[in-house]
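Student: Below is the file structure-v8.cif, which contains mmCIF, C-alpha atoms and all ligand atoms.
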data_start
#
loop_
_atom_site.label_atom_id
_atom_site.label_comp_id
_atom_site.auth_asym_id
_atom_site.auth_seq_id
_atom_site.Cartn_x
_atom_site.Cartn_y
_atom_site.Cartn_z
CA ARG T 1 4.65 -0.44 -22.99
CA VAL T 2 2.54 -2.11 -25.68
CA VAL T 3 3.16 -5.81 -26.28
CA ASP T 4 1.18 -7.59 -29.03
CA GLY T 5 -1.56 -4.96 -28.89
CA THR T 6 -1.87 -5.07 -25.09
CA ARG T 7 -0.91 -2.10 -22.96
CA VAL T 8 1.23 -3.50 -20.16
CA PHE T 9 1.78 -1.75 -16.83
CA SER T 10 3.73 -2.88 -13.84
CA LEU T 11 3.23 -1.85 -10.25
CA THR T 12 5.34 -2.90 -7.28
CA ALA T 13 4.02 -2.26 -3.78
CA GLN T 14 6.98 -1.39 -1.57
CA GLU T 15 8.05 0.21 1.67
CA GLY T 16 9.82 3.55 1.81
CA ALA T 17 9.99 6.91 3.53
CA THR T 18 8.59 10.30 2.52
CA GLU T 19 9.39 13.83 3.66
CA PHE T 20 5.89 15.23 4.28
CA LEU T 21 7.20 17.73 6.83
CA PRO T 22 10.58 19.45 6.33
CA GLY T 23 13.44 17.33 7.67
CA VAL T 24 11.20 14.49 8.86
CA GLN T 25 11.22 11.08 7.20
CA THR T 26 7.82 9.41 7.57
CA GLU T 27 7.67 5.69 6.91
CA THR T 28 5.26 5.14 4.03
CA TRP T 29 4.31 2.64 1.36
CA GLY T 30 4.00 3.28 -2.36
CA PHE T 31 3.82 1.72 -5.79
CA ASP T 32 7.19 1.95 -7.58
CA GLY T 33 8.24 4.62 -5.09
CA SER T 34 7.81 5.60 -1.48
CA TYR T 35 4.34 7.15 -1.67
CA LEU T 36 1.31 6.81 -4.02
CA GLY T 37 1.86 5.33 -7.47
CA PRO T 38 2.18 6.25 -11.14
CA THR T 39 -0.86 7.49 -13.09
CA LEU T 40 -1.96 4.72 -15.43
CA ARG T 41 -3.77 5.69 -18.62
CA ALA T 42 -5.57 3.66 -21.27
CA GLU T 43 -8.02 4.01 -24.10
CA ARG T 44 -11.54 2.67 -24.50
CA GLY T 45 -11.33 -0.57 -26.51
CA GLU T 46 -7.74 -1.20 -25.52
CA ARG T 47 -6.59 -4.41 -23.79
CA VAL T 48 -4.54 -3.78 -20.67
CA ALA T 49 -2.44 -6.07 -18.49
CA VAL T 50 -0.83 -5.22 -15.17
CA GLU T 51 2.01 -7.00 -13.41
CA VAL T 52 1.33 -6.38 -9.73
CA THR T 53 4.26 -7.34 -7.51
CA ASN T 54 4.08 -7.32 -3.73
CA ASP T 55 7.37 -6.37 -2.07
CA LEU T 56 5.67 -5.74 1.28
CA GLY T 57 5.99 -8.10 4.22
CA GLU T 58 2.29 -8.98 4.15
CA PRO T 59 -0.43 -9.79 1.60
CA THR T 60 -2.03 -6.93 -0.31
CA SER T 61 -4.13 -6.58 -3.46
CA VAL T 62 -4.75 -3.93 -6.10
CA HIS T 63 -8.33 -3.05 -6.98
CA TRP T 64 -9.24 -0.96 -10.05
CA HIS T 65 -11.86 1.32 -8.53
CA GLY T 66 -14.60 2.28 -10.99
CA MET T 67 -13.51 -0.20 -13.65
CA HIS T 68 -15.93 -2.46 -15.49
CA LEU T 69 -14.07 -5.77 -15.71
CA PRO T 70 -14.31 -9.49 -14.89
CA ALA T 71 -14.59 -10.22 -11.16
CA ALA T 72 -11.43 -12.34 -11.22
CA MET T 73 -9.46 -9.25 -12.40
CA ASP T 74 -11.09 -6.85 -9.92
CA GLY T 75 -8.36 -6.99 -7.27
CA GLY T 76 -10.65 -7.34 -4.29
CA PRO T 77 -10.08 -9.53 -1.22
CA HIS T 78 -10.28 -12.70 -3.33
CA GLN T 79 -7.24 -11.64 -5.39
CA GLU T 80 -4.69 -11.07 -2.66
CA VAL T 81 -1.05 -11.11 -3.69
CA ALA T 82 1.30 -12.89 -1.27
CA PRO T 83 4.58 -11.24 -0.25
CA GLY T 84 7.07 -11.70 -3.08
CA ALA T 85 4.40 -12.81 -5.55
CA THR T 86 3.22 -11.22 -8.80
CA TRP T 87 -0.43 -11.11 -9.94
CA ARG T 88 -1.22 -10.58 -13.63
CA PRO T 89 -4.75 -9.37 -14.36
CA THR T 90 -5.75 -8.49 -17.91
CA TRP T 91 -8.97 -7.01 -19.32
CA GLU T 92 -10.38 -4.83 -22.06
CA ILE T 93 -11.30 -1.21 -21.33
CA ASP T 94 -15.02 -1.06 -22.09
CA GLN T 95 -16.51 2.12 -20.61
CA PRO T 96 -16.50 5.87 -21.24
CA ALA T 97 -13.52 8.09 -20.47
CA ALA T 98 -13.24 8.73 -16.74
CA THR T 99 -10.99 9.41 -13.79
CA LEU T 100 -10.66 6.08 -11.97
CA TRP T 101 -8.14 5.02 -9.37
CA TYR T 102 -6.46 1.97 -7.91
CA HIS T 103 -5.74 0.95 -4.35
CA PRO T 104 -5.28 -2.17 -2.18
CA HIS T 105 -8.31 -4.13 -0.96
CA PRO T 106 -6.91 -6.86 1.32
CA HIS T 107 -9.45 -8.42 3.64
CA GLY T 108 -9.69 -6.38 6.85
CA ALA T 109 -6.60 -4.26 6.11
CA THR T 110 -7.63 -1.84 3.36
CA GLU T 111 -7.58 1.21 5.63
CA GLU T 112 -3.98 0.66 6.69
CA HIS T 113 -2.69 -0.08 3.18
CA VAL T 114 -4.32 2.99 1.63
CA TYR T 115 -3.41 5.22 4.57
CA ARG T 116 0.26 4.24 4.33
CA GLY T 117 0.23 5.48 0.75
CA LEU T 118 -0.82 2.78 -1.69
CA ALA T 119 -3.04 4.46 -4.31
CA GLY T 120 -2.85 6.00 -7.76
CA MET T 121 -4.99 7.28 -10.60
CA PHE T 122 -6.16 5.28 -13.61
CA LEU T 123 -7.34 7.59 -16.40
CA LEU T 124 -9.46 6.36 -19.28
CA ASP T 125 -9.76 8.17 -22.61
CA ASP T 126 -12.11 7.88 -25.55
CA ASP T 127 -12.89 9.77 -28.77
CA ALA T 128 -15.75 11.72 -27.19
CA SER T 129 -13.64 13.01 -24.32
CA ARG T 130 -10.81 13.96 -26.66
CA ALA T 131 -13.26 15.85 -28.88
CA ALA T 132 -14.67 17.75 -25.88
CA ALA T 133 -13.52 21.33 -25.39
CA LEU T 134 -11.56 20.61 -22.20
CA PRO T 135 -8.00 21.21 -21.07
CA GLN T 136 -6.25 17.90 -21.71
CA GLU T 137 -2.51 18.25 -21.51
CA TYR T 138 -1.53 16.06 -18.57
CA GLY T 139 0.47 17.88 -15.91
CA VAL T 140 0.08 21.21 -17.71
CA ASP T 141 -3.62 22.09 -17.78
CA ASP T 142 -5.02 18.67 -16.82
CA VAL T 143 -3.81 17.90 -13.34
CA PRO T 144 -4.45 15.01 -10.94
CA VAL T 145 -5.30 16.12 -7.40
CA ILE T 146 -5.29 13.30 -4.87
CA VAL T 147 -6.44 14.78 -1.56
CA GLN T 148 -5.53 12.96 1.65
CA ASP T 149 -5.22 13.72 5.33
CA LYS T 150 -2.74 12.23 7.79
CA ALA T 151 -2.35 12.16 11.54
CA LEU T 152 1.36 12.36 12.39
CA ASP T 153 2.73 11.57 15.84
CA ASP T 154 5.52 13.50 17.61
CA ASP T 155 8.15 11.59 15.60
CA GLY T 156 6.39 12.45 12.35
CA GLN T 157 5.16 8.87 11.86
CA LEU T 158 1.70 7.91 10.66
CA GLU T 159 -0.65 7.41 13.55
CA PRO T 160 -2.94 4.43 13.17
CA GLY T 161 -6.64 4.80 13.83
CA ASN T 162 -7.92 4.27 17.35
CA GLY T 163 -11.19 2.69 16.27
CA GLY T 164 -13.19 5.89 16.83
CA GLU T 165 -15.71 7.16 14.28
CA PRO T 166 -15.41 7.90 11.45
CA GLY T 167 -11.89 6.46 11.17
CA ILE T 168 -8.60 8.34 10.92
CA LEU T 169 -8.98 12.13 10.68
CA GLY T 170 -5.61 13.85 10.31
CA ASP T 171 -4.80 17.53 10.52
CA VAL T 172 -2.11 17.34 7.84
CA VAL T 173 -3.76 17.64 4.43
CA MET T 174 -1.73 16.88 1.33
CA THR T 175 -2.19 16.83 -2.42
CA ASN T 176 -0.40 14.10 -4.37
CA GLY T 177 1.67 13.47 -1.25
CA THR T 178 2.81 17.09 -0.93
CA VAL T 179 1.89 19.37 1.96
CA GLY T 180 1.42 22.95 0.73
CA ALA T 181 1.21 21.87 -2.91
CA TYR T 182 1.03 24.40 -5.74
CA GLN T 183 0.65 24.25 -9.50
CA GLU T 184 1.99 26.79 -12.01
CA VAL T 185 -0.77 27.60 -14.50
CA THR T 186 0.14 28.67 -18.03
CA THR T 187 -3.28 28.46 -19.71
CA GLU T 188 -6.51 30.40 -19.18
CA ARG T 189 -8.26 27.33 -17.86
CA VAL T 190 -7.08 24.37 -15.91
CA ARG T 191 -8.81 21.04 -15.32
CA LEU T 192 -8.35 19.39 -11.96
CA ARG T 193 -9.11 15.70 -11.51
CA LEU T 194 -10.08 15.61 -7.85
CA LEU T 195 -9.92 12.33 -5.96
CA ASN T 196 -10.76 11.97 -2.29
CA GLY T 197 -8.11 9.38 -1.49
CA SER T 198 -8.59 9.72 2.26
CA THR T 199 -9.66 6.83 4.42
CA ALA T 200 -12.39 8.65 6.37
CA ARG T 201 -12.59 12.39 5.76
CA THR T 202 -15.24 13.99 3.53
CA TYR T 203 -14.17 17.25 1.88
CA GLN T 204 -16.10 20.17 0.46
CA LEU T 205 -13.73 21.46 -2.21
CA GLY T 206 -13.92 24.87 -3.84
CA PHE T 207 -11.87 27.95 -4.69
CA GLU T 208 -11.59 30.83 -2.29
CA ASP T 209 -12.76 33.44 -4.80
CA LEU T 210 -13.69 31.65 -8.03
CA ASP T 211 -16.53 29.51 -9.27
CA MET T 212 -15.69 26.32 -11.06
CA ASP T 213 -17.28 24.22 -13.77
CA LEU T 214 -17.90 20.65 -12.74
CA VAL T 215 -17.40 18.63 -15.93
CA ALA T 216 -17.20 15.00 -14.82
CA THR T 217 -17.90 12.74 -11.87
CA ASP T 218 -16.83 9.15 -11.06
CA GLY T 219 -17.97 7.52 -14.32
CA GLY T 220 -17.12 10.30 -16.77
CA LEU T 221 -18.46 13.49 -18.34
CA LEU T 222 -21.74 15.04 -17.20
CA ASP T 223 -24.31 15.93 -19.85
CA ALA T 224 -23.14 19.54 -19.59
CA PRO T 225 -20.81 21.54 -17.33
CA VAL T 226 -22.32 22.71 -14.03
CA ARG T 227 -21.23 25.96 -12.38
CA LEU T 228 -20.60 25.38 -8.65
CA ASP T 229 -19.00 27.06 -5.65
CA ASN T 230 -17.76 23.78 -4.30
CA VAL T 231 -18.28 20.06 -4.48
CA ARG T 232 -18.55 17.54 -1.65
CA LEU T 233 -16.42 14.43 -2.02
CA ALA T 234 -16.61 11.45 0.33
CA PRO T 235 -13.78 8.89 0.43
CA GLY T 236 -13.44 7.27 -3.00
CA GLU T 237 -15.44 9.87 -4.96
CA ARG T 238 -13.97 11.84 -7.87
CA ALA T 239 -14.88 15.05 -9.67
CA GLU T 240 -13.30 16.86 -12.59
CA VAL T 241 -13.53 20.64 -12.43
CA VAL T 242 -12.36 23.40 -14.77
CA VAL T 243 -11.42 26.80 -13.37
CA GLU T 244 -10.64 29.97 -15.27
CA MET T 245 -7.84 32.27 -14.13
CA GLU T 246 -6.59 35.77 -14.84
CA PRO T 247 -2.93 36.38 -15.78
CA GLY T 248 -0.76 36.73 -12.70
CA GLU T 249 -3.56 35.61 -10.37
CA THR T 250 -3.09 33.26 -7.44
CA THR T 251 -5.96 31.28 -5.99
CA ARG T 252 -6.37 28.35 -3.67
CA LEU T 253 -8.45 25.24 -3.78
CA ARG T 254 -9.71 24.79 -0.25
CA SER T 255 -11.74 22.33 1.69
CA VAL T 256 -14.32 24.41 3.49
CA GLU T 257 -16.63 23.37 6.31
CA ALA T 258 -18.32 20.27 4.95
CA ASP T 259 -22.09 19.87 4.82
CA LEU T 260 -22.33 16.33 6.11
CA GLY T 261 -26.11 16.26 6.34
CA ASN T 262 -27.88 15.19 9.49
CA VAL T 263 -24.93 13.58 11.31
CA ALA T 264 -25.04 13.42 15.10
CA VAL T 265 -21.80 15.25 15.88
CA PRO T 266 -20.58 17.06 12.73
CA PHE T 267 -17.36 18.37 14.26
CA ALA T 268 -16.35 14.88 15.41
CA MET T 269 -16.70 13.75 11.78
CA GLY T 270 -14.38 16.55 10.62
CA GLY T 271 -17.25 18.70 9.36
CA ASN T 272 -15.94 21.94 10.86
CA ASP T 273 -12.39 21.67 9.57
CA ALA T 274 -11.06 23.81 6.72
CA PHE T 275 -7.82 23.26 4.79
CA ASP T 276 -5.84 24.60 1.86
CA VAL T 277 -5.52 21.85 -0.70
CA LEU T 278 -3.72 23.29 -3.73
CA GLU T 279 -2.51 26.75 -4.73
CA LEU T 280 -2.79 27.73 -8.40
CA ARG T 281 -0.32 30.36 -9.59
CA ALA T 282 -1.10 31.80 -12.99
CA ALA T 283 1.72 33.06 -15.20
CA ASP T 284 1.70 36.66 -16.48
CA THR T 285 0.58 35.53 -19.90
CA LEU T 286 -1.81 32.62 -20.37
CA ALA T 287 -2.35 30.55 -23.49
CA PRO T 288 -5.99 30.48 -24.61
CA SER T 289 -8.24 27.62 -23.48
CA PRO T 290 -11.67 26.78 -24.88
CA GLU T 291 -14.87 27.22 -22.91
CA PRO T 292 -15.79 23.70 -21.63
CA GLY T 293 -18.41 21.95 -23.74
CA TRP T 294 -19.21 18.76 -25.64
CA ASP T 295 -21.93 16.91 -27.43
CA ALA T 296 -23.62 14.88 -24.70
CA SER T 297 -25.49 12.60 -27.08
CA GLU T 298 -22.24 11.48 -28.68
CA HIS T 299 -20.60 10.96 -25.33
CA ALA T 300 -23.37 8.79 -23.90
CA ALA T 301 -24.10 6.79 -27.05
CA GLY T 302 -24.67 3.14 -26.13
CA ASP T 303 -24.14 3.67 -22.40
CA GLU T 304 -27.64 4.88 -21.43
CA LEU T 305 -29.57 3.33 -18.57
CA ASP T 306 -33.37 3.19 -18.63
CA GLU T 307 -35.37 2.72 -15.43
CA ALA T 308 -38.10 0.99 -17.46
CA ASP T 309 -35.64 -1.87 -18.08
CA ALA T 310 -35.15 -2.55 -14.37
CA SER T 311 -36.27 -6.07 -13.49
CA VAL T 312 -35.01 -6.33 -9.92
CA THR T 313 -35.04 -4.01 -6.91
CA ARG T 314 -32.71 -4.70 -4.00
CA THR T 315 -32.64 -2.86 -0.71
CA PHE T 316 -29.62 -2.19 1.46
CA GLU T 317 -29.91 -0.82 4.96
CA LEU T 318 -26.77 0.68 6.39
CA ASP T 319 -26.32 0.92 10.15
CA ASP T 320 -23.08 1.80 11.91
CA SER T 321 -21.12 -1.23 10.75
CA ARG T 322 -23.36 -3.58 8.82
CA ILE T 323 -25.31 -3.81 5.59
CA ASN T 324 -28.73 -5.46 5.98
CA ARG T 325 -27.68 -6.43 9.52
CA GLN T 326 -24.81 -8.55 8.26
CA ARG T 327 -21.07 -8.24 8.32
CA MET T 328 -18.84 -9.26 5.43
CA ASP T 329 -18.25 -13.00 5.12
CA MET T 330 -15.77 -14.06 2.41
CA GLY T 331 -17.65 -17.33 2.05
CA ARG T 332 -21.16 -15.89 1.68
CA ILE T 333 -22.66 -14.51 -1.54
CA ASP T 334 -25.19 -11.83 -0.63
CA GLU T 335 -26.70 -11.00 -4.00
CA VAL T 336 -26.94 -12.75 -7.36
CA ALA T 337 -27.45 -10.59 -10.45
CA THR T 338 -28.21 -11.85 -13.93
CA VAL T 339 -25.93 -10.83 -16.74
CA GLY T 340 -27.52 -8.17 -18.92
CA SER T 341 -30.07 -7.17 -16.27
CA THR T 342 -30.84 -3.65 -15.14
CA GLU T 343 -31.47 -3.25 -11.40
CA VAL T 344 -32.52 -0.64 -8.89
CA TRP T 345 -30.56 -0.61 -5.64
CA GLU T 346 -32.23 1.24 -2.79
CA VAL T 347 -29.78 2.30 -0.11
CA ARG T 348 -30.83 3.81 3.19
CA ASN T 349 -28.56 5.12 5.92
CA THR T 350 -30.39 4.38 9.19
CA VAL T 351 -27.81 5.86 11.58
CA PRO T 352 -26.58 9.41 12.29
CA ILE T 353 -23.07 8.71 11.00
CA PRO T 354 -21.95 9.17 7.40
CA HIS T 355 -21.21 6.45 4.86
CA SER T 356 -19.77 6.38 1.35
CA PHE T 357 -21.50 3.63 -0.63
CA HIS T 358 -19.51 2.00 -3.42
CA VAL T 359 -20.37 -0.73 -5.93
CA HIS T 360 -17.70 -2.57 -7.92
CA ASP T 361 -17.95 -3.31 -11.66
CA VAL T 362 -20.66 -0.77 -12.54
CA GLN T 363 -21.26 2.94 -12.91
CA PHE T 364 -24.75 3.71 -11.63
CA ARG T 365 -27.15 6.59 -12.12
CA VAL T 366 -28.78 8.23 -9.12
CA LEU T 367 -32.55 8.03 -9.69
CA SER T 368 -33.60 9.83 -6.55
CA ILE T 369 -32.60 10.96 -3.08
CA ASP T 370 -35.54 10.93 -0.67
CA GLY T 371 -37.83 10.86 -3.68
CA GLU T 372 -36.31 13.94 -5.30
CA ALA T 373 -34.21 14.17 -8.44
CA PRO T 374 -30.49 14.32 -7.62
CA PRO T 375 -28.68 17.69 -7.70
CA PRO T 376 -26.69 18.33 -10.90
CA GLU T 377 -23.42 17.21 -9.33
CA LEU T 378 -24.94 13.77 -8.67
CA ALA T 379 -26.72 13.49 -12.02
CA GLY T 380 -23.83 11.82 -13.87
CA ARG T 381 -22.45 8.32 -13.58
CA LYS T 382 -21.25 7.36 -10.10
CA ASP T 383 -19.62 4.36 -8.47
CA THR T 384 -19.27 5.87 -4.99
CA ILE T 385 -21.61 8.28 -3.22
CA TYR T 386 -21.87 10.00 0.13
CA VAL T 387 -24.94 8.62 1.88
CA GLU T 388 -26.40 11.10 4.33
CA PRO T 389 -27.97 9.91 7.57
CA GLY T 390 -31.68 9.23 7.32
CA LYS T 391 -31.86 9.50 3.55
CA ASP T 392 -33.08 7.05 0.93
CA TYR T 393 -31.13 6.70 -2.28
CA ARG T 394 -32.18 4.86 -5.44
CA PHE T 395 -29.51 3.84 -7.94
CA LEU T 396 -29.94 2.37 -11.43
CA MET T 397 -27.28 0.02 -12.79
CA ARG T 398 -26.82 -2.69 -15.39
CA PHE T 399 -24.64 -5.80 -15.18
CA ASP T 400 -23.60 -5.88 -18.81
CA ASP T 401 -21.40 -8.94 -19.06
CA TYR T 402 -18.66 -11.02 -17.37
CA ALA T 403 -20.82 -13.72 -15.82
CA ASP T 404 -18.88 -15.75 -13.25
CA PRO T 405 -20.83 -17.70 -10.63
CA ASP T 406 -17.72 -18.41 -8.58
CA MET T 407 -16.09 -15.02 -8.20
CA PRO T 408 -17.89 -12.16 -6.43
CA TYR T 409 -17.63 -8.41 -6.74
CA MET T 410 -17.89 -6.23 -3.63
CA PHE T 411 -20.23 -3.47 -2.51
CA HIS T 412 -19.24 -1.61 0.62
CA CYS T 413 -18.76 1.56 2.57
CA HIS T 414 -15.65 3.40 1.31
CA MET T 415 -14.94 4.87 4.71
CA LEU T 416 -12.23 2.31 5.11
CA MET T 417 -12.53 1.65 8.82
CA HIS T 418 -16.16 0.69 8.14
CA GLU T 419 -15.13 -1.52 5.23
CA ASP T 420 -12.52 -3.34 7.30
CA ASP T 421 -15.07 -3.67 10.09
CA GLY T 422 -17.22 -5.73 7.75
CA MET T 423 -19.49 -3.12 6.19
CA MET T 424 -19.22 -4.94 2.90
CA GLY T 425 -21.11 -7.56 0.93
CA GLN T 426 -20.54 -9.69 -2.14
CA PHE T 427 -22.49 -10.14 -5.36
CA VAL T 428 -21.98 -12.43 -8.31
CA VAL T 429 -23.12 -11.93 -11.88
CA VAL T 430 -24.37 -15.15 -13.46
CU1 LIG T 501 -12.24 1.72 -3.94
CU2 LIG T 501 -13.97 -1.79 -3.09
O1 LIG T 501 -13.04 -0.03 -3.46
CU CU T 502 -14.07 -0.30 -6.14
CU CU T 503 -19.45 3.78 6.42
#
Rewrite the structure of this file - the entire thing - as structure tokens.
Tutor:
Amino acid sequence: RVVDGTRVFSLTAQEGATEFLPGVQTETWGFDGSYLGPTLRAERGERVAVEVTNDLGEPTSVHWHGMHLPAAMDGGPHQEVAPGATWRPTWEIDQPAATLWYHPHPHGATEEHVYRGLAGMFLLDDDASRAAALPQEYGVDDVPVIVQDKALDDDGQLEPGNGGEPGILGDVVMTNGTVGAYQEVTTERVRLRLLNGSTARTYQLGFEDLDMDLVATDGGLLDAPVRLDNVRLAPGERAEVVVEMEPGETTRLRSVEADLGNVAVPFAMGGNDAFDVLELRAADTLAPSPEPGWDASEHAAGDELDEADASVTRTFELDDSRINRQRMDMGRIDEVATVGSTEVWEVRNTVPIPHSFHVHDVQFRVLSIDGEAPPPELAGRKDTIYVEPGKDYRFLMRFDDYADPDMPYMFHCHMLMHEDDGMMGQFVVV
């Protein structure tokens, strides 16, 4: 709906029930339905407004993960929506085309709200992404793939976490809320927008017998496609991949044994598990699709980051539940950034358990991991990144605008039990 030049969306968080397993109704939450929410889509330069209504029995919020926007519109723990209330954020889309998402962020209860089903995709478009040779017909050859795991009890109800590391690991894996999901493919190539929407599990996603071209990560297109067997995604991370199929072929996207780095007990973190995620079934005749490609200079124009511009370096030490030995305090501002400044954030994971580091408002570039250049799949813009035990990461980011001394943005671990436990801090841009 477009009203006076603003694209208006509405989302209502509500309770419901979903049939994940045949004949079993599982109590779930969703936006405008019983599980997950609609895909929102907007254009660079467009003004958007969302009417967020809370029909749950408790406060929630809706955060626009990956979005560059004013802190007061961010939907973090300072923008909770009371039961029965409606919150109306509005902002202008001012960043490259990307696969973003939205989910609740209530203080101390994010894990439960996301796990029950509150999440959806928020796709951004721009001229450069439309001009790219990529499949782009939504639902046909451009398909959202929200991967989540659930633990179901004997009655088929969602089991809450028990406080153990790394959070809830379920043995029921679903795509877009469907167990055993499949997609009919009618074109030579299909683009999958992968989102790890799980609360704790890290996946290593690839096809059983095909390579794939990684074309985009959290913040948008890479400089060029990268041919990969699989891609590791921690909670909150996204990747867009393009796969080429033969007529009549069937293949499966799987999560294979995940390389979690130097974690103490990989199997306890879900590292040894393997799952089918999505079956692709190609029709007997396939419409032609272009070979993925685009003009990187055009895509990045105006959005470059230069390390020589960095004026501030901050360091963040992650242990098992704190950042720089502190737990989240809603009343404490941890970092103050100056509007327009470019900064280096150095993040080090000091414990043998995994983390998924996320910064609100910005898309950063990975400068180095343990002093080395990042692998190609981490060379594009990121807002969330798996942080391996014992490793040092350096990120480059710029706080372009939206100064507000009174309203903070968050940075935190996106393994949601850790976040709720206080592994989160606040920064303002002034
Ligand atoms: Cu996706 Cu602060 O979160
Ligand atoms: Cu976020
Ligand atoms: Cu963590």
Student: Please indicate the distance in Å from atom CA of T:Val347 to atom CA of T:Glu111, rounded to one decimal place.
Tutor: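 About the pair atom CA of T:Val347 and atom CA of T:Glu111: they are 23.0 Å apart.
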Student: Find the distance between atom CA of T:Phe275 and atom CA of T:Ala200 and write it in Å to one decimal.
Tutor: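 Atom-to-atom, atom CA of T:Phe275 to atom CA of T:Ala200, that is 15.4 Å.
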Student: Hey, can you check how far atom CA of T:Gly161 sits from atom CA of T:Pro235?
Tutor: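 The value is 15.7 Å.
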Student: Neighbours of ligand CU 503 (chain T) within 12 Å, counting all atoms listed in the file, as a PDB file with C-alpha atoms, keeping the file's coordinate frame?
Tutor:
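Written file, selection-v9.pdb:
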ATOM      1  CA  GLU T 165     -15.710   7.160  14.280  1.00  0.00           C
ATOM      2  CA  PRO T 166     -15.410   7.900  11.450  1.00  0.00           C
ATOM      3  CA  GLY T 167     -11.890   6.460  11.170  1.00  0.00           C
ATOM      4  CA  THR T 199      -9.660   6.830   4.420  1.00  0.00           C
ATOM      5  CA  ALA T 200     -12.390   8.650   6.370  1.00  0.00           C
ATOM      6  CA  ARG T 201     -12.590  12.390   5.760  1.00  0.00           C
ATOM      7  CA  THR T 202     -15.240  13.990   3.530  1.00  0.00           C
ATOM      8  CA  ALA T 234     -16.610  11.450   0.330  1.00  0.00           C
ATOM      9  CA  PRO T 235     -13.780   8.890   0.430  1.00  0.00           C
ATOM     10  CA  GLY T 236     -13.440   7.270  -3.000  1.00  0.00           C
ATOM     11  CA  MET T 269     -16.700  13.750  11.780  1.00  0.00           C
ATOM     12  CA  GLU T 317     -29.910  -0.820   4.960  1.00  0.00           C
ATOM     13  CA  LEU T 318     -26.770   0.680   6.390  1.00  0.00           C
ATOM     14  CA  ASP T 319     -26.320   0.920  10.150  1.00  0.00           C
ATOM     15  CA  ASP T 320     -23.080   1.800  11.910  1.00  0.00           C
ATOM     16  CA  SER T 321     -21.120  -1.230  10.750  1.00  0.00           C
ATOM     17  CA  ARG T 322     -23.360  -3.580   8.820  1.00  0.00           C
ATOM     18  CA  ILE T 323     -25.310  -3.810   5.590  1.00  0.00           C
ATOM     19  CA  ARG T 348     -30.830   3.810   3.190  1.00  0.00           C
ATOM     20  CA  ASN T 349     -28.560   5.120   5.920  1.00  0.00           C
ATOM     21  CA  THR T 350     -30.390   4.380   9.190  1.00  0.00           C
ATOM     22  CA  VAL T 351     -27.810   5.860  11.580  1.00  0.00           C
ATOM     23  CA  PRO T 352     -26.580   9.410  12.290  1.00  0.00           C
ATOM     24  CA  ILE T 353     -23.070   8.710  11.000  1.00  0.00           C
ATOM     25  CA  PRO T 354     -21.950   9.170   7.400  1.00  0.00           C
ATOM     26  CA  HIS T 355     -21.210   6.450   4.860  1.00  0.00           C
ATOM     27  CA  SER T 356     -19.770   6.380   1.350  1.00  0.00           C
ATOM     28  CA  PHE T 357     -21.500   3.630  -0.630  1.00  0.00           C
ATOM     29  CA  HIS T 358     -19.510   2.000  -3.420  1.00  0.00           C
ATOM     30  CA  THR T 384     -19.270   5.870  -4.990  1.00  0.00           C
ATOM     31  CA  ILE T 385     -21.610   8.280  -3.220  1.00  0.00           C
ATOM     32  CA  TYR T 386     -21.870  10.000   0.130  1.00  0.00           C
ATOM     33  CA  VAL T 387     -24.940   8.620   1.880  1.00  0.00           C
ATOM     34  CA  GLU T 388     -26.400  11.100   4.330  1.00  0.00           C
ATOM     35  CA  PRO T 389     -27.970   9.910   7.570  1.00  0.00           C
ATOM     36  CA  PHE T 411     -20.230  -3.470  -2.510  1.00  0.00           C
ATOM     37  CA  HIS T 412     -19.240  -1.610   0.620  1.00  0.00           C
ATOM     38  CA  CYS T 413     -18.760   1.560   2.570  1.00  0.00           C
ATOM     39  CA  HIS T 414     -15.650   3.400   1.310  1.00  0.00           C
ATOM     40  CA  MET T 415     -14.940   4.870   4.710  1.00  0.00           C
ATOM     41  CA  LEU T 416     -12.230   2.310   5.110  1.00  0.00           C
ATOM     42  CA  MET T 417     -12.530   1.650   8.820  1.00  0.00           C
ATOM     43  CA  HIS T 418     -16.160   0.690   8.140  1.00  0.00           C
ATOM     44  CA  GLU T 419     -15.130  -1.520   5.230  1.00  0.00           C
ATOM     45  CA  ASP T 420     -12.520  -3.340   7.300  1.00  0.00           C
ATOM     46  CA  ASP T 421     -15.070  -3.670  10.090  1.00  0.00           C
ATOM     47  CA  GLY T 422     -17.220  -5.730   7.750  1.00  0.00           C
ATOM     48  CA  MET T 423     -19.490  -3.120   6.190  1.00  0.00           C
ATOM     49  CA  MET T 424     -19.220  -4.940   2.900  1.00  0.00           C
TER      50      MET T 424
END
Student: Using all atoms listed in the file, determine which residues fall within 6 Å of ligand CU 502 (chain T), then list them as a ChimeraX atom specification.
Tutor: /T:65-66,360
Student: Mind dumping the selected residues with C-alpha atoms as a PDB file, in the frame of the given file?
Tutor:
ATOM      1  CA  HIS T  65     -11.860   1.320  -8.530  1.00  0.00           C
ATOM      2  CA  GLY T  66     -14.600   2.280 -10.990  1.00  0.00           C
ATOM      3  CA  HIS T 360     -17.700  -2.570  -7.920  1.00  0.00           C
TER       4      HIS T 360
END
